[in-house]
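Participant: My questions all concern the structure below.
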Number of protein chains: 2
Amino acid sequence: MDADILSIGTEVSTGAIVNTNTAWLARALMAVGVVPRRHVTVGDRLDAIRDEIVRAAREVEVVIVTGGLGPTLDDMTRDSLAAALGQPLERDEASVEHIRNLFRKMNRPMGESNLQQALVPRGARAMENPWGTAPGLRAELHRAVVFCLPGVPREMERMFEKHVAPELRQGCEAAVSVRVLRTFGQGESFIGQQIAAFMAPARNPSVGTQASEGLISVRIIGLAASEQEAQRLVDADAKAMRALLGEIVFGEDDDTLPGVVGRMLAERGQTLAVAESCTGGMIAASITDVSGSSRYFLRGYVTYSNESKSELLGVPPELIAAHGAVSEPVAEAMAVGCLQRAGVDYALSVTGVAGPTGGTADKPVGLVFIGLADRRECRVHRLQLSDHLSRWAIRDRTCKTALNLLRLRLMA
Amino acid sequence: MDADILSIGTEVSTGAIVNTNTAWLARALMAVGVVPRRHVTVGDRLDAIRDEIVRAAREVEVVIVTGGLGPTLDDMTRDSLAAALGQPLERDEASVEHIRNLFRKMNRPMGESNLQQALVPRGARAMENPWGTAPGLRAELHRAVVFCLPGVPREMERMFEKHVAPELRQGCEAAVSVRVLRTFGQGESFIGQQIAAFMAPARNPSVGTQASEGLISVRIIGLAASEQEAQRLVDADAKAMRALLGEIVFGEDDDTLPGVVGRMLAERGQTLAVAESCTGGMIAASITDVSGSSRYFLRGYVTYSNESKSELLGVPPELIAAHGAVSEPVAEAMAVGCLQRAGVDYALSVTGVAGPTGGTADKPVGLVFIGLADRRECRVHRLQLSDHLSRWAIRDRTCKTALNLLRLRLMA
């Protein structure tokens, strides 16, 4: 079964608020075996809402409408559904009772406008909303079942779970399983070439790639008659693509680089400290965003000035004078000093030119040295990032590269 | 003029990522006098994308398509636009040159698949993308001008400003001026009450509030026959609301807390260092995200373990044993130790329970102590954030509160 999601509201169509309902609904639909096909957002206009309901109901089996069920004049979903059905609105007495009770409970006077919320198109059905005043609506039109839910996320989500999910689960023959491979270290086009055979159109599972802030994700969506079978399809694809892509795959689904590195350190009972110049605390911040990171992360030095590199890490001022703060020897001295002073198993260091100013012909914006020391040795990795990236992006890619170097060392 | 916004990508239609592009685009369109009418999201399917482009182009004057311009097989926007136009794809030599140069600069081999990105439907035009490999596309179809932009938000936003906004601005008779007041320290409903008179429906300028990650923004949109007149309207509103809201307004438009604090420090020639426990480097990272921050930010200590608090900042181990690491005396000792050891004019310290685990009845999740020391005194601010917030949000609000405390001190 396919579904369309319609979001109603001028606050959404004008961008005053970011629409988070559709992403939630899309995932919730997939979880009950329904494939979200299209999302449409329109403002509070009766004709526009009616047209979208009719169009969707001709093309898919499930239509979810959110928003526009409130008590004010600009709430148009009820009237629009009635217009789409070609039926008049009638007062639903159970809903009237529910709204009256709610206001009595809150000790607030009920305005006549609230009774507008008890109107239901003839032939449709009100769906009880214990979490707010607006009942939901359920109607059948053309090929589709149409569900209208409130726009407030908490109410919408609960109404979906209570009224919509059970009905859809019953009606579905197909099950959906989703897996995401998380990669770092290669571009999207390279990965696309490696797994081109899996990305053929109309293949099941369907496979797609997505780039976001230096990470490439490979999304696998499997459809089958049973959940078990869908999962089996997705498992097989994930395994085959992992074999093709090798060590650039650092995890699956909700895995992050700091989370994966942290898990490896915790499992071995090993510890980490960092010494950062151009990233200015971002590596430490990303590591400590993981709950429980205090087990393996002991400290970080943000040595932004040259004096702090010498004072806190023991980098000889002569070394900085001879090679500059952004140099291989300084990155090495930072990592080794950090390892020794913090008494840890691994130390990462970073020094670079984050830009947009401060670059020279010799040391352009985007040049970064990353040191990684353990108790046996220290290696320095030279990174030249594109100077087209923003300051933030240069720092972010540097962070991820540093964590990935540590991951590869831990895997070796 | 009306506009439709089409978002392309199975990662969006399946809810794997929340679509933030459409809200940004809707606001950007309004700022150049174009009214966003509908947003549509579809997955990576040629026929679906083609149909949506054709439908939109028949109904509105401006169609913005984002996403689906990447180098892999599931990137369908180029082919879909060609299908909508009924034209073949042809290679654009300027785009080929641009892509080759980019890969040369990155020292990465270019795959043949990247040249797919240089294909342009006959009669359409490539729009240069200095921030990525995928050029944008511009075509005319039925009533509309169709602009195709990359899906990566940073590239999309820059491409819109460079190529789309100037053309749309020319086509509009009315002038729009937009101003945003940035505030920190009060909730949205409090601010809404203070400026209720400005938020009356159908008023010009229109004024709206928006909450995002602890910051409340007040958006003022003025419409007039000339740009000068629109600006005058907006200036007057901004001045009046600043008087009402007082010191919670920290800046306008693109101002950020670290940027504003940095500007104040740079103007006075004063310096700053930070000592962080639960924020784990986030304060240092946000300060150093500002270009030129090395003028005033000298160093940061990420003292995650108790030992590091004592070793690096001189916090007596007895003090930690007596009061616990999350306590007022420890926050004070951290700030004073940081100030003295770094030799700076101001030091911020943070210690708290970021959660989700680690809270006790005495020291619940969300309890944070922030120390602020200068050469005369040290004050500690106690903060109790809601334990409904995520770990990241608790750390983020702590960061912002710390920077805001420093801002207020610098204003005093």
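Letters A, B, ... mark the chains of the structure tokens in the order given; residue numbers begin at 1 per chain; ligand numbers begin at 1, in order shown.
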Would you list, as a list in words, the residues of region 266-320 of chain A that end up in strand (DSSP E or B) under DSSP run on this structure's backbone?
Facilitator: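 Output for region 266-320 of chain A, strand (DSSP E or B) only: Leu272, Ala273, Val274, Ala275, Glu276, Phe297, Leu298, Arg299, Gly300, Tyr301, Val302 and Thr303 of chain A.
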Participant: Tell me, how big is the Cα RMSD between chain A and chain B, fit done by least squares on all Cα paired in order?
Facilitator: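 C-alpha RMSD after optimal superposition stands at 5.4 Å.
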Participant: Residues at most 12 Å from Val32 (chain B), counting only C-alpha atoms, excluding those fewer than 3 positions away in the same chain, as a PyMOL selection string?
Facilitator: chain B and resi 1-3+25-29+35-36+160-161+164-178+221-223+227
Participant: At a cut-off of 6 Å, which residues of chain A touch chain B? Count only C-alpha atoms and give the answer as a list in words.
Facilitator: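 Contact residues on the first chain: Thr14, Gly15, Val18, Ala23, Ala26, Arg27, Arg38, His39, Val40, Thr41, Val42, Ser189, Gly192, Gly280, Gly281, Met282, Ala284, Ala285, Thr288, Leu298, Arg299, Gly300, Tyr301, Val302, Thr303, Tyr304, Ser305 and His388 of chain A.
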Participant: Just checking: using only C-alpha atoms, which residue out of A:Arg179, A:Arg158, A:His323, A:Arg268 ends up closest to Gly136 (chain A)?
Facilitator: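 Looking at the shortest contact to Gly136 (chain A), the residue is A:Arg158.
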